[in-house]
$ cat target.txt   # compact mmCIF, C-alpha atoms
# COMPACT_ATOMS: atom_id res chain seq x y z
CA MET A 1 -26.25 -7.13 -8.30
CA ILE A 2 -26.73 -3.42 -7.57
CA ALA A 3 -23.56 -1.87 -6.11
CA ILE A 4 -24.73 1.75 -5.80
CA ARG A 5 -28.35 2.65 -5.20
CA GLY A 6 -29.80 6.10 -4.55
CA CYS A 7 -33.46 6.38 -3.50
CA ASP A 8 -35.09 9.84 -3.57
CA LEU A 9 -31.76 11.28 -2.54
CA GLY A 10 -31.68 14.97 -1.72
CA LYS A 11 -29.15 17.43 -0.39
CA SER A 12 -29.82 20.98 0.79
CA TYR A 13 -27.77 23.68 2.45
CA GLY A 14 -30.34 25.55 4.50
CA HIS A 15 -32.99 26.67 2.01
CA TYR A 16 -30.77 26.02 -1.00
CA ARG A 17 -31.57 22.68 -2.61
CA VAL A 18 -28.59 21.25 -4.49
CA PHE A 19 -30.62 18.30 -5.76
CA GLU A 20 -33.71 16.36 -4.74
CA GLY A 21 -35.48 13.12 -5.51
CA LEU A 22 -32.51 11.48 -7.20
CA SER A 23 -33.03 7.78 -7.80
CA PHE A 24 -30.46 5.74 -9.67
CA GLU A 25 -28.69 2.41 -9.67
CA VAL A 26 -25.24 1.31 -10.76
CA ALA A 27 -24.71 -2.41 -11.13
CA ALA A 28 -21.56 -4.29 -10.16
CA GLY A 29 -19.34 -4.44 -13.23
CA GLU A 30 -20.73 -1.18 -14.63
CA CYS A 31 -19.28 2.30 -15.05
CA TYR A 32 -21.77 5.16 -14.81
CA ALA A 33 -20.79 8.70 -15.77
CA LEU A 34 -22.42 11.72 -14.22
CA LEU A 35 -22.40 14.82 -16.39
CA GLY A 36 -23.79 18.28 -15.87
CA PRO A 37 -22.90 21.95 -15.89
CA ASN A 38 -20.70 23.54 -13.21
CA GLY A 39 -22.55 23.86 -9.94
CA ALA A 40 -25.11 21.20 -10.83
CA GLY A 41 -24.25 19.20 -7.70
CA LYS A 42 -22.21 16.34 -9.20
CA THR A 43 -19.40 16.60 -6.67
CA THR A 44 -21.89 17.07 -3.84
CA LEU A 45 -23.65 13.85 -4.88
CA LEU A 46 -20.32 12.02 -4.94
CA ARG A 47 -19.45 13.36 -1.50
CA VAL A 48 -22.82 12.22 -0.15
CA LEU A 49 -22.14 8.73 -1.53
CA ALA A 50 -18.63 8.83 -0.03
CA THR A 51 -20.24 9.51 3.42
CA LEU A 52 -18.60 12.93 3.67
CA TYR A 53 -21.98 14.69 3.64
CA ARG A 54 -25.17 13.42 5.19
CA PRO A 55 -28.10 13.37 2.74
CA SER A 56 -30.91 15.81 3.60
CA ALA A 57 -33.51 13.41 2.19
CA GLY A 58 -33.77 9.87 0.89
CA ARG A 59 -31.27 7.09 1.35
CA PHE A 60 -28.49 5.32 -0.48
CA GLU A 61 -26.71 2.01 -0.42
CA ILE A 62 -23.15 1.11 -1.34
CA ALA A 63 -22.39 -2.60 -1.82
CA GLY A 64 -25.72 -3.42 -0.18
CA ARG A 65 -24.97 -1.39 2.96
CA ASP A 66 -26.98 1.62 4.10
CA GLY A 67 -24.97 4.79 3.60
CA VAL A 68 -26.02 6.42 6.87
CA ALA A 69 -26.59 3.54 9.29
CA GLU A 70 -23.66 1.39 8.11
CA LYS A 71 -21.13 4.09 7.38
CA GLU A 72 -18.06 2.07 8.33
CA ALA A 73 -19.00 -0.85 6.07
CA VAL A 74 -19.66 1.59 3.22
CA ARG A 75 -16.27 3.22 3.76
CA ALA A 76 -14.54 -0.16 3.67
CA ALA A 77 -16.23 -1.07 0.36
CA MET A 78 -15.74 2.29 -1.35
CA LEU A 79 -12.81 4.40 -2.52
CA LEU A 80 -13.13 8.05 -3.50
CA LEU A 81 -10.58 9.69 -5.78
CA ALA A 82 -11.49 13.35 -5.38
CA HIS A 83 -10.06 16.71 -6.45
CA GLY A 84 -7.69 16.72 -3.47
CA SER A 85 -4.99 14.10 -3.88
CA TYR A 86 -5.20 12.87 -0.24
CA LEU A 87 -1.40 12.66 -0.33
CA TYR A 88 1.09 13.89 2.26
CA ASP A 89 3.71 16.18 0.74
CA GLU A 90 6.50 15.18 3.12
CA LEU A 91 6.08 11.45 2.44
CA ASN A 92 7.31 9.79 -0.72
CA ALA A 93 5.06 7.78 -3.03
CA THR A 94 5.81 4.44 -1.39
CA GLU A 95 5.20 5.82 2.10
CA ASN A 96 1.97 7.49 1.02
CA LEU A 97 0.72 4.19 -0.40
CA ARG A 98 1.74 2.26 2.72
CA PHE A 99 -0.04 4.78 4.96
CA ALA A 100 -3.25 4.83 2.89
CA LEU A 101 -3.34 1.04 2.78
CA ALA A 102 -2.58 0.70 6.49
CA LEU A 103 -5.75 2.68 7.23
CA ARG A 104 -7.58 -0.15 5.43
CA ALA A 105 -5.67 -2.87 7.29
CA LEU A 106 -3.82 -3.76 4.09
CA ASN A 107 -0.11 -4.50 4.09
CA PRO A 108 1.22 -4.72 0.52
CA THR A 109 4.64 -6.16 -0.24
CA ASP A 110 7.39 -3.95 -1.66
CA ARG A 111 6.98 -5.82 -4.94
CA GLN A 112 3.26 -5.06 -5.13
CA ILE A 113 3.90 -1.37 -4.50
CA LYS A 114 6.71 -1.24 -7.07
CA SER A 115 4.54 -3.03 -9.59
CA ALA A 116 1.62 -0.58 -9.07
CA LEU A 117 3.94 2.43 -9.39
CA ASP A 118 5.47 0.97 -12.55
CA ARG A 119 2.03 0.43 -14.05
CA VAL A 120 1.19 4.10 -13.64
CA SER A 121 4.65 5.06 -14.98
CA ILE A 122 6.01 6.68 -11.82
CA GLY A 123 8.08 3.72 -10.63
CA ALA A 124 11.26 5.77 -10.99
CA PHE A 125 9.91 8.37 -8.55
CA GLY A 126 8.85 6.04 -5.75
CA ASP A 127 11.40 7.51 -3.32
CA LEU A 128 10.70 11.13 -4.23
CA LYS A 129 8.68 13.25 -1.80
CA VAL A 130 5.19 13.95 -3.15
CA ARG A 131 5.90 17.67 -2.57
CA TYR A 132 7.90 17.56 -5.83
CA TYR A 133 5.21 15.75 -7.87
CA SER A 134 3.18 17.47 -10.59
CA ALA A 135 -0.64 17.32 -10.42
CA GLY A 136 -0.62 14.60 -13.09
CA MET A 137 1.89 12.49 -11.15
CA LYS A 138 -0.25 12.83 -8.03
CA LYS A 139 -3.24 11.62 -10.03
CA ARG A 140 -1.24 8.64 -11.27
CA LEU A 141 -0.22 7.87 -7.69
CA SER A 142 -3.91 7.92 -6.74
CA ILE A 143 -4.60 5.40 -9.51
CA ALA A 144 -1.80 3.22 -8.09
CA LYS A 145 -3.49 3.46 -4.68
CA ALA A 146 -6.80 2.34 -6.19
CA MET A 147 -5.03 -0.56 -7.94
CA LEU A 148 -3.67 -1.80 -4.62
CA ILE A 149 -6.92 -1.30 -2.69
CA ARG A 150 -9.20 -2.91 -5.33
CA PRO A 151 -12.44 -1.38 -3.97
CA GLN A 152 -15.88 -2.82 -4.68
CA VAL A 153 -17.13 0.68 -5.51
CA LEU A 154 -14.93 3.39 -7.00
CA LEU A 155 -16.10 7.01 -6.95
CA LEU A 156 -14.16 9.28 -9.28
CA ASP A 157 -14.46 13.06 -9.25
CA GLU A 158 -13.22 14.48 -12.57
CA PRO A 159 -10.83 11.56 -13.12
CA TYR A 160 -9.25 12.95 -16.31
CA THR A 161 -8.32 16.35 -14.88
CA SER A 162 -4.55 17.01 -14.81
CA LEU A 163 -3.77 13.85 -16.78
CA ASP A 164 -1.97 13.86 -20.12
CA GLU A 165 -3.15 11.68 -23.03
CA SER A 166 -1.34 8.58 -21.79
CA GLY A 167 -2.62 9.25 -18.27
CA MET A 168 -6.22 9.43 -19.50
CA SER A 169 -5.76 6.16 -21.39
CA LEU A 170 -4.26 4.64 -18.26
CA MET A 171 -7.28 5.79 -16.23
CA ASN A 172 -9.66 4.20 -18.75
CA GLN A 173 -7.61 0.99 -18.86
CA TYR A 174 -7.84 0.79 -15.09
CA ILE A 175 -11.60 1.48 -15.07
CA ALA A 176 -12.15 -1.19 -17.75
CA GLU A 177 -10.08 -3.63 -15.70
CA ILE A 178 -11.94 -3.18 -12.43
CA ILE A 179 -15.41 -3.25 -13.95
CA LYS A 180 -14.38 -6.52 -15.61
CA GLU A 181 -13.50 -7.77 -12.11
CA GLY A 182 -17.00 -6.84 -10.90
CA ALA A 183 -16.45 -3.43 -9.30
CA ALA A 184 -18.85 -0.54 -9.87
CA VAL A 185 -17.56 2.87 -10.93
CA LEU A 186 -19.38 6.18 -10.65
CA MET A 187 -17.57 9.16 -12.12
CA THR A 188 -18.33 12.83 -12.52
CA THR A 189 -16.85 14.30 -15.66
CA HIS A 190 -17.13 16.92 -18.38
CA ASP A 191 -15.23 14.74 -20.84
CA ARG A 192 -18.01 12.94 -22.72
CA VAL A 193 -15.66 11.50 -25.30
CA ARG A 194 -13.22 9.92 -22.85
CA SER A 195 -15.93 8.71 -20.50
CA ALA A 196 -17.89 7.15 -23.39
CA GLU A 197 -14.96 4.73 -23.89
CA VAL A 198 -15.74 2.98 -20.59
CA THR A 199 -19.34 3.82 -19.70
CA SER A 200 -22.54 2.26 -20.93
CA ARG A 201 -24.96 4.65 -19.19
CA LEU A 202 -24.78 8.29 -18.27
CA GLY A 203 -26.75 10.60 -16.06
CA VAL A 204 -27.07 14.32 -16.57
CA LEU A 205 -27.54 16.28 -13.38
CA ASP A 206 -28.95 19.73 -14.04
CA LYS A 207 -31.11 22.07 -11.96
CA GLY A 208 -31.33 19.46 -9.24
CA GLN A 209 -32.78 16.76 -11.48
CA LEU A 210 -31.16 13.65 -12.95
CA ARG A 211 -31.89 12.54 -16.53
CA GLN A 212 -30.47 9.20 -17.64
CA PHE A 213 -29.22 8.26 -21.10
CA THR A 214 -27.39 5.50 -22.89
CA VAL A 215 -24.13 6.44 -24.58
CA ASP A 216 -25.83 6.22 -28.00
CA GLU A 217 -28.69 8.52 -26.94
CA LEU A 218 -26.20 11.05 -25.72
CA LYS A 219 -24.55 11.23 -29.12
CA THR A 220 -27.79 12.46 -30.71
CA HIS A 221 -29.10 14.73 -27.93
CA ALA A 222 -28.16 18.20 -26.86
CA ILE A 223 -28.23 17.64 -23.12
CA PHE A 224 -27.29 20.92 -21.47
CA MET B 1 -4.09 -5.99 15.19
CA PRO B 2 -5.38 -3.30 12.79
CA PHE B 3 -6.35 -0.95 15.66
CA PHE B 4 -2.79 -0.69 17.03
CA ASN B 5 -1.35 -0.62 13.50
CA VAL B 6 -3.44 2.46 12.72
CA ILE B 7 -2.19 4.19 15.90
CA ARG B 8 1.39 3.35 14.90
CA TRP B 9 0.99 4.49 11.29
CA VAL B 10 -0.73 7.78 12.15
CA ALA B 11 1.93 8.63 14.76
CA TRP B 12 4.68 7.54 12.35
CA LYS B 13 3.24 9.68 9.56
CA ASP B 14 3.12 12.79 11.78
CA LEU B 15 6.60 12.19 13.17
CA ILE B 16 8.26 11.50 9.81
CA SER B 17 6.52 14.56 8.28
CA GLU B 18 7.78 16.69 11.16
CA VAL B 19 11.32 15.29 11.02
CA ARG B 20 11.44 16.25 7.33
CA SER B 21 9.74 19.65 7.48
CA ARG B 22 10.68 20.73 11.06
CA GLU B 23 7.80 23.23 10.86
CA THR B 24 6.11 22.53 14.18
CA ILE B 25 9.05 21.78 16.45
CA SER B 26 11.05 24.79 15.27
CA SER B 27 8.17 27.24 15.79
CA MET B 28 7.44 25.71 19.21
CA PHE B 29 11.10 25.87 20.19
CA PHE B 30 11.65 29.50 19.16
CA PHE B 31 8.48 30.68 20.86
CA ALA B 32 9.49 28.99 24.10
CA LEU B 33 13.02 30.34 23.85
CA ILE B 34 11.67 33.90 23.60
CA VAL B 35 9.45 33.31 26.66
CA ILE B 36 12.45 32.05 28.66
CA LEU B 37 14.63 34.97 27.63
CA VAL B 38 11.95 37.59 28.38
CA PHE B 39 11.22 36.16 31.85
CA SER B 40 14.89 35.63 32.53
CA PHE B 41 15.70 39.30 31.86
CA SER B 42 12.59 40.44 33.75
CA PHE B 43 13.74 38.67 36.92
CA SER B 44 17.48 39.11 36.51
CA MET B 45 17.59 41.56 39.44
CA ASP B 46 15.55 39.40 41.80
CA GLN B 47 16.50 35.73 41.79
CA ALA B 48 14.45 35.02 44.93
CA ALA B 49 11.25 36.24 43.25
CA ALA B 50 12.15 34.27 40.14
CA ARG B 51 12.45 31.05 42.14
CA GLU B 52 9.02 31.66 43.66
CA LEU B 53 7.47 32.17 40.26
CA ILE B 54 9.48 29.69 38.22
CA ALA B 55 6.87 26.91 38.28
CA GLY B 56 4.30 29.25 36.76
CA ILE B 57 6.78 30.55 34.19
CA ILE B 58 7.71 27.00 33.14
CA TRP B 59 4.07 26.06 32.57
CA VAL B 60 3.21 29.27 30.74
CA ALA B 61 6.05 28.47 28.34
CA PHE B 62 5.13 24.78 28.03
CA ALA B 63 1.38 25.38 27.61
CA PHE B 64 1.60 28.11 24.99
CA THR B 65 4.33 26.24 23.15
CA GLY B 66 2.10 23.19 23.20
CA ILE B 67 -0.81 25.17 21.73
CA ILE B 68 1.36 26.07 18.73
CA GLY B 69 2.10 22.39 18.12
CA LEU B 70 -1.46 21.25 18.75
CA GLY B 71 -2.84 23.85 16.35
CA LYS B 72 -0.66 22.51 13.55
CA SER B 73 -1.57 18.90 14.27
CA PHE B 74 -4.80 18.95 12.28
CA SER B 75 -4.26 22.04 10.14
CA ALA B 76 -1.47 20.05 8.43
CA GLU B 77 -4.18 17.59 7.36
CA LEU B 78 -5.93 20.29 5.34
CA GLN B 79 -3.18 20.15 2.71
CA ASN B 80 -4.33 18.07 -0.27
CA ASP B 81 -7.62 17.41 1.62
CA CYS B 82 -5.94 14.74 3.75
CA LEU B 83 -8.43 15.40 6.54
CA GLU B 84 -11.18 14.09 4.24
CA HIS B 85 -9.08 11.02 3.65
CA LEU B 86 -8.99 10.35 7.40
CA GLN B 87 -12.73 11.06 7.68
CA ILE B 88 -13.75 8.52 5.03
CA SER B 89 -11.14 5.91 5.82
CA PRO B 90 -12.60 2.74 7.33
CA ALA B 91 -9.98 2.86 10.11
CA SER B 92 -11.17 3.28 13.68
CA LYS B 93 -11.44 6.99 14.41
CA GLY B 94 -10.40 6.27 17.99
CA ALA B 95 -7.15 4.75 16.68
CA ILE B 96 -6.55 7.82 14.51
CA TYR B 97 -7.09 9.99 17.61
CA LEU B 98 -4.63 7.96 19.67
CA GLY B 99 -2.04 8.12 16.87
CA LYS B 100 -2.39 11.90 16.69
CA LEU B 101 -2.26 12.14 20.49
CA ALA B 102 0.94 10.05 20.60
CA ALA B 103 2.63 12.30 18.03
CA ASN B 104 1.52 15.52 19.79
CA LEU B 105 2.62 14.21 23.17
CA LEU B 106 6.01 13.31 21.77
CA PHE B 107 6.49 16.72 20.09
CA MET B 108 5.62 18.53 23.34
CA LEU B 109 7.85 16.30 25.47
CA ILE B 110 10.78 16.74 23.06
CA VAL B 111 10.44 20.52 23.28
CA GLU B 112 10.11 20.39 27.07
CA VAL B 113 13.19 18.17 27.42
CA ILE B 114 15.17 20.68 25.34
CA LEU B 115 13.78 23.73 27.16
CA PHE B 116 13.94 22.63 30.77
CA PRO B 117 17.78 22.65 30.93
CA MET B 118 17.57 26.27 29.72
CA PHE B 119 15.28 27.13 32.63
CA VAL B 120 17.78 25.44 34.94
CA ILE B 121 20.64 27.50 33.51
CA PHE B 122 18.88 30.87 33.18
CA PHE B 123 17.18 30.69 36.60
CA ASN B 124 20.01 28.91 38.38
CA LEU B 125 17.83 26.00 39.59
CA ASP B 126 19.09 23.03 41.56
CA VAL B 127 16.97 20.13 40.32
CA VAL B 128 19.25 17.07 40.31
CA GLU B 129 17.49 15.28 43.19
CA GLU B 130 13.97 16.16 42.06
CA LEU B 131 14.53 15.36 38.39
CA PRO B 132 12.65 12.01 38.29
CA LEU B 133 9.65 13.61 40.02
CA LEU B 134 9.75 16.64 37.75
CA LEU B 135 9.82 14.39 34.69
CA LEU B 136 6.78 12.52 36.03
CA ILE B 137 4.94 15.82 36.56
CA PHE B 138 5.88 17.01 33.06
CA ALA B 139 4.71 13.73 31.53
CA LEU B 140 1.36 13.71 33.37
CA ALA B 141 0.57 17.38 32.73
CA THR B 142 1.71 17.24 29.10
CA LEU B 143 -0.49 14.20 28.51
CA GLY B 144 -3.43 16.14 29.97
CA LEU B 145 -2.79 19.13 27.69
CA SER B 146 -2.26 16.88 24.64
CA THR B 147 -5.41 14.86 25.29
CA VAL B 148 -7.80 17.80 25.24
CA GLY B 149 -5.62 19.77 22.83
CA THR B 150 -5.70 17.04 20.18
CA LEU B 151 -9.48 16.85 20.44
CA PHE B 152 -9.96 20.62 20.20
CA SER B 153 -7.45 20.83 17.37
CA ALA B 154 -9.69 18.44 15.41
CA MET B 155 -12.81 20.39 16.44
CA THR B 156 -11.47 23.77 15.33
CA VAL B 157 -9.56 22.76 12.21
CA GLN B 158 -12.39 23.58 9.82
CA ILE B 159 -13.21 26.91 11.49
CA ARG B 160 -11.90 30.03 9.77
CA ALA B 161 -10.54 31.54 13.02
CA ARG B 162 -9.04 28.27 14.24
CA GLU B 163 -5.82 29.87 15.57
CA VAL B 164 -7.97 31.98 17.92
CA MET B 165 -10.56 29.34 18.75
CA LEU B 166 -8.12 26.63 19.84
CA PRO B 167 -6.70 28.52 22.87
CA ILE B 168 -10.15 29.95 23.71
CA LEU B 169 -11.59 26.45 23.96
CA LEU B 170 -8.55 24.65 25.30
CA LEU B 171 -7.29 26.92 28.06
CA PRO B 172 -10.44 27.01 30.25
CA LEU B 173 -10.63 23.21 30.16
CA ALA B 174 -6.91 22.92 30.82
CA VAL B 175 -7.08 25.11 33.94
CA PRO B 176 -7.13 22.10 36.34
CA VAL B 177 -4.08 20.66 34.56
CA MET B 178 -2.24 23.98 34.68
CA ILE B 179 -2.98 24.57 38.38
CA ALA B 180 -2.04 21.00 39.31
CA ALA B 181 1.11 21.15 37.20
CA VAL B 182 2.22 24.47 38.70
CA GLU B 183 1.53 23.37 42.28
CA ALA B 184 3.27 20.01 41.84
CA THR B 185 6.24 21.59 40.04
CA ARG B 186 6.55 24.24 42.77
CA GLY B 187 6.50 21.55 45.46
CA ALA B 188 9.13 19.48 43.66
CA LEU B 189 11.40 22.48 43.02
CA HIS B 190 11.18 23.50 46.69
CA GLY B 191 12.13 19.97 47.71
CA ASP B 192 8.88 19.45 49.62
CA PRO B 193 7.89 15.86 50.52
CA VAL B 194 5.65 14.27 47.88
CA SER B 195 2.85 13.87 50.44
CA LEU B 196 2.41 17.67 50.40
CA TYR B 197 1.61 17.83 46.69
CA GLY B 198 0.61 14.22 46.00
CA ASN B 199 -3.02 15.24 45.56
CA TRP B 200 -2.06 17.44 42.61
CA LEU B 201 -0.32 14.45 41.00
CA ARG B 202 -3.43 12.34 41.55
CA LEU B 203 -5.56 15.09 39.99
CA LEU B 204 -3.28 15.08 36.92
CA ALA B 205 -3.55 11.28 36.63
CA VAL B 206 -7.35 11.33 36.96
CA PHE B 207 -7.65 14.17 34.44
CA ASP B 208 -5.48 12.22 31.97
CA ILE B 209 -7.57 9.05 32.28
CA VAL B 210 -10.96 10.77 32.15
CA PHE B 211 -10.16 13.04 29.22
CA THR B 212 -8.31 10.39 27.22
CA VAL B 213 -11.38 8.14 27.43
CA LEU B 214 -13.83 10.99 26.72
CA SER B 215 -11.79 12.34 23.81
CA PHE B 216 -11.39 8.86 22.35
CA TRP B 217 -15.18 8.48 22.16
CA ALA B 218 -15.88 12.08 21.12
CA PHE B 219 -13.37 12.06 18.28
CA GLU B 220 -15.48 9.86 16.00
CA TRP B 221 -18.44 12.18 16.40
CA ILE B 222 -16.25 15.23 15.67
CA MET B 223 -14.78 13.64 12.55
CA ASP B 224 -18.24 12.83 11.26
CA THR B 225 -19.73 16.27 11.93

$ encode --input "target.txt" --output "structure tokens"
Amino acid sequence: MIAIRGCDLGKSYGHYRVFEGLSFEVAAGECYALLGPNGAGKTTLLRVLATLYRPSAGRFEIAGRDGVAEKEAVRAAMLLLAHGSYLYDELNATENLRFALALRALNPTDRQIKSALDRVSIGAFGDLKVRYYSAGMKKRLSIAKAMLIRPQVLLLDEPYTSLDESGMSLMNQYIAEIIKEGAAVLMTTHDRVRSAEVTSRLGVLDKGQLRQFTVDELKTHAIF
Amino acid sequence: MPFFNVIRWVAWKDLISEVRSRETISSMFFFALIVILVFSFSFSMDQAAARELIAGIIWVAFAFTGIIGLGKSFSAELQNDCLEHLQISPASKGAIYLGKLAANLLFMLIVEVILFPMFVIFFNLDVVEELPLLLLIFALATLGLSTVGTLFSAMTVQIRAREVMLPILLLPLAVPVMIAAVEATRGALHGDPVSLYGNWLRLLAVFDIVFTVLSFWAFEWIMDT
């Protein structure tokens, strides 16, 4: 089953074309990495898929739902972990998780929240305001949020940024776990080595065009 | 009931954040205090003139204080890109609007409840008998200001000059609320029978209903634009 499908997708700002004619598919249970130089449009593509930006051309589907016409269904099926942490500084970790989950009509037990925080190694800081968290701790808290939400489609923008070695391993463990459960993951990254641990296919977005490779092909090609 | 839960959680999140940071309430309170002191000293020689003008002074203080709070309502969401989180959450955008509105209304009413006794003291007002009516007027007019203010706060949050744009957009639309609030407050402070200013109260109630419904529907479009 195809979880993410882009058909001739394009995005422009006025006369400036970020990308055009992008067609790709990510199956359920697959992790697809999107590489490319700075400014290639990777984050823009992710934000289009997350329904933050409207595509200028083409269409896309998330979990079988049209990304423009069925926005609410797409939002319910998808979770975006972006550069911004989406966390409230004055709330502690537990409160932030409860709030984020309440917006999805989810009501986790205290035990579930504690267990998720323990898994990302910030269980001891559950009552600490997020204001005092480091960037890496915020990223771990976002992983805990994803663990509790269990989305069908996970969009990750530079998932390894700010994480230490154990954090990057944790991220990959989590990705491996959810694709095993049947979720689809699309990530933008510059870390080919880390991403190769969990992805089977990669796309390189450059000069508005998408070229697709297998992990093995990527090892033998200079791509950009 | 996910819809009502979202309203509750959004209002709770704003209130708990404010209780811990005290950023909005303290700036609202100090601004209003300065307004009261300036007007109080301006009219210290002429108490009769002050009593004639007090309804207008009260609503100038309340409205501009409210704008400070309303402006911060959505700009606080820019931190850590939380506004994006609200935009792409599957929760009803109408419920998010009502949660924000509830929090803004509460902030403004808290400030008004603290400030009004100061007006009574500084301007030597006798309001004991009219207090229930005055509270009703404050509640209706503050709801009107919060309703359109919350919507415009969301509209202007991504604009570079949002601190300027919010009052420019809000105040013209809030003119009926301000006039009705001043007229009704003046009538109540003078001890006039309600029948003399009842139409202003009805105007406030109609404004509240119409703009709450309109803003509720418009909010989704604003969040998606």

$ interface_residues --input "target.txt" --of "chain B" --to "chain A" --cutoff "9 Å" --atoms "only C-alpha atoms" --output "CSV table (one decimal) with C-alpha atoms, in the frame of the given file"
chain,number,residue,atom,x,y,z
B,1,MET,CA,-4.1,-6.0,15.2
B,2,PRO,CA,-5.4,-3.3,12.8
B,3,PHE,CA,-6.4,-1.0,15.7
B,5,ASN,CA,-1.4,-0.6,13.5
B,6,VAL,CA,-3.4,2.5,12.7
B,9,TRP,CA,1.0,4.5,11.3
B,10,VAL,CA,-0.7,7.8,12.2
B,13,LYS,CA,3.2,9.7,9.6
B,16,ILE,CA,8.3,11.5,9.8
B,17,SER,CA,6.5,14.6,8.3
B,18,GLU,CA,7.8,16.7,11.2
B,20,ARG,CA,11.4,16.2,7.3
B,21,SER,CA,9.7,19.6,7.5
B,77,GLU,CA,-4.2,17.6,7.4
B,79,GLN,CA,-3.2,20.2,2.7
B,80,ASN,CA,-4.3,18.1,-0.3
B,81,ASP,CA,-7.6,17.4,1.6
B,82,CYS,CA,-5.9,14.7,3.8
B,83,LEU,CA,-8.4,15.4,6.5
B,84,GLU,CA,-11.2,14.1,4.2
B,85,HIS,CA,-9.1,11.0,3.6
B,86,LEU,CA,-9.0,10.4,7.4
B,87,GLN,CA,-12.7,11.1,7.7
B,88,ILE,CA,-13.8,8.5,5.0
B,89,SER,CA,-11.1,5.9,5.8
B,90,PRO,CA,-12.6,2.7,7.3
B,91,ALA,CA,-10.0,2.9,10.1
B,92,SER,CA,-11.2,3.3,13.7
B,96,ILE,CA,-6.6,7.8,14.5
B,224,ASP,CA,-18.2,12.8,11.3
B,225,THR,CA,-19.7,16.3,11.9

$ closest_atom_pairs --input "target.txt" --of "region 35-101 of chain B" --to "region 170-184 of chain B" --cutoff "9 Å" --atoms "only C-alpha atoms" --output "JSON lines"
{"residue": "B:Ile54", "atom": "CA", "partner": "B:Val182", "partner_atom": "CA", "distance": 9.0}
{"residue": "B:Ala55", "atom": "CA", "partner": "B:Val182", "partner_atom": "CA", "distance": 5.3}
{"residue": "B:Gly56", "atom": "CA", "partner": "B:Val182", "partner_atom": "CA", "distance": 5.6}
{"residue": "B:Ile57", "atom": "CA", "partner": "B:Val182", "partner_atom": "CA", "distance": 8.8}
{"residue": "B:Ile58", "atom": "CA", "partner": "B:Val182", "partner_atom": "CA", "distance": 8.2}
{"residue": "B:Trp59", "atom": "CA", "partner": "B:Val182", "partner_atom": "CA", "distance": 6.6}
{"residue": "B:Val60", "atom": "CA", "partner": "B:Met178", "partner_atom": "CA", "distance": 8.6}
{"residue": "B:Ala63", "atom": "CA", "partner": "B:Met178", "partner_atom": "CA", "distance": 8.1}
{"residue": "B:Ile67", "atom": "CA", "partner": "B:Leu170", "partner_atom": "CA", "distance": 8.5}

$ closest_residue --input "target.txt" --among "A:Gly67, A:Gly167, A:Gly14, A:Gly29" --to "Arg119 (chain A)" --atoms "all atoms listed in the file"
A:Gly167

$ atom_distance --input "target.txt" --atom1 "CA of Thr188 (chain A)" --atom2 "CA of Gly10 (chain A)"
17.3 Å

$ atom_distance --input "target.txt" --atom1 "CA of Leu117 (chain A)" --atom2 "CA of Asn172 (chain A)"
16.6 Å

$ closest_residue --input "target.txt" --among "A:Gly123, A:Gly64, A:Gly136, A:Gly36" --to "Arg192 (chain A)" --atoms "only C-alpha atoms"
A:Gly36

$ residues_near_point --input "target.txt" --point "(10.2, 12.0, -4.9)" --cutoff "10 Å" --atoms "all atoms listed in the file" --output "PyMOL selection string"
chain A and resi 89-94+122+124-133

$ residues_near_point --input "target.txt" --point "(4.5, 21.8, 47.4)" --cutoff "6 Å" --atoms "only C-alpha atoms" --output "list in words"
Ala184, Arg186, Gly187, Asp192, Leu196 and Tyr197 of chain B

$ atom_distance --input "target.txt" --atom1 "CA of Lys93 (chain B)" --atom2 "CA of Ser75 (chain B)"
17.2 Å

$ residues_around --input "target.txt" --residues "Ala196 (chain A)" --least-positions-apart "3" --cutoff "10 Å" --atoms "only C-alpha atoms" --output "PyMOL selection string"
chain A and resi 31-33+172+191-193+199-202+214-216+218-219

$ closest_residue --input "target.txt" --among "A:Asp164, A:Glu70, A:Glu177, A:Asp206" --to "Glu30 (chain A)" --atoms "all atoms listed in the file"
A:Glu177

$ closest_residue --input "target.txt" --among "B:Ser26, B:Ser153, B:Thr142, B:Ser195" --to "Gly71 (chain B)" --atoms "only C-alpha atoms"
B:Ser153

$ residues_around --input "target.txt" --residues "Leu106 (chain B)" --least-positions-apart "4" --cutoff "10 Å" --atoms "all atoms listed in the file" --output "ChimeraX atom specification"
/B:11,15,100-102,110-112,139,142-143,146

$ axis_aligned_box --input "target.txt" --around "region 41-60 of chain A" --padding-each-side "4 Å" --output "lines of an AutoDock Vina configuration file"
center_x = -26.2
center_y = 12.3
center_z = -2.0
size_x = 23.2
size_y = 21.9
size_z = 22.4

$ closest_residue --input "target.txt" --among "A:Val198, A:Ile113, A:Ala184, A:Ile178" --to "Arg5 (chain A)" --atoms "all atoms listed in the file"
A:Ala184

$ closest_residue --input "target.txt" --among "B:Leu53, B:Val157, B:Gly94, B:Phe219" --to "Thr185 (chain B)" --atoms "only C-alpha atoms"
B:Leu53

$ residues_around --input "target.txt" --residues "Phe30 (chain B)" --least-positions-apart "4" --cutoff "12 Å" --atoms "all atoms listed in the file" --output "MDAnalysis selection string"
chainID B and resid 22:26 34:37 61:62 64:65 68:69 111 114:115

$ decode --input "target.txt" --residues "region 166-173 of chain A" --atoms "C-alpha atoms" --output "compact mmCIF listing (two decimals), in the first residue's frame"
# COMPACT_ATOMS: atom_id res chain seq x y z
CA SER A 166 22.85 7.94 21.54
CA GLY A 167 20.07 10.28 20.43
CA MET A 168 20.73 9.50 16.76
CA SER A 169 20.67 5.77 17.53
CA LEU A 170 17.44 6.28 19.43
CA MET A 171 15.93 8.10 16.43
CA ASN A 172 16.91 5.23 14.12
CA GLN A 173 15.59 2.63 16.58
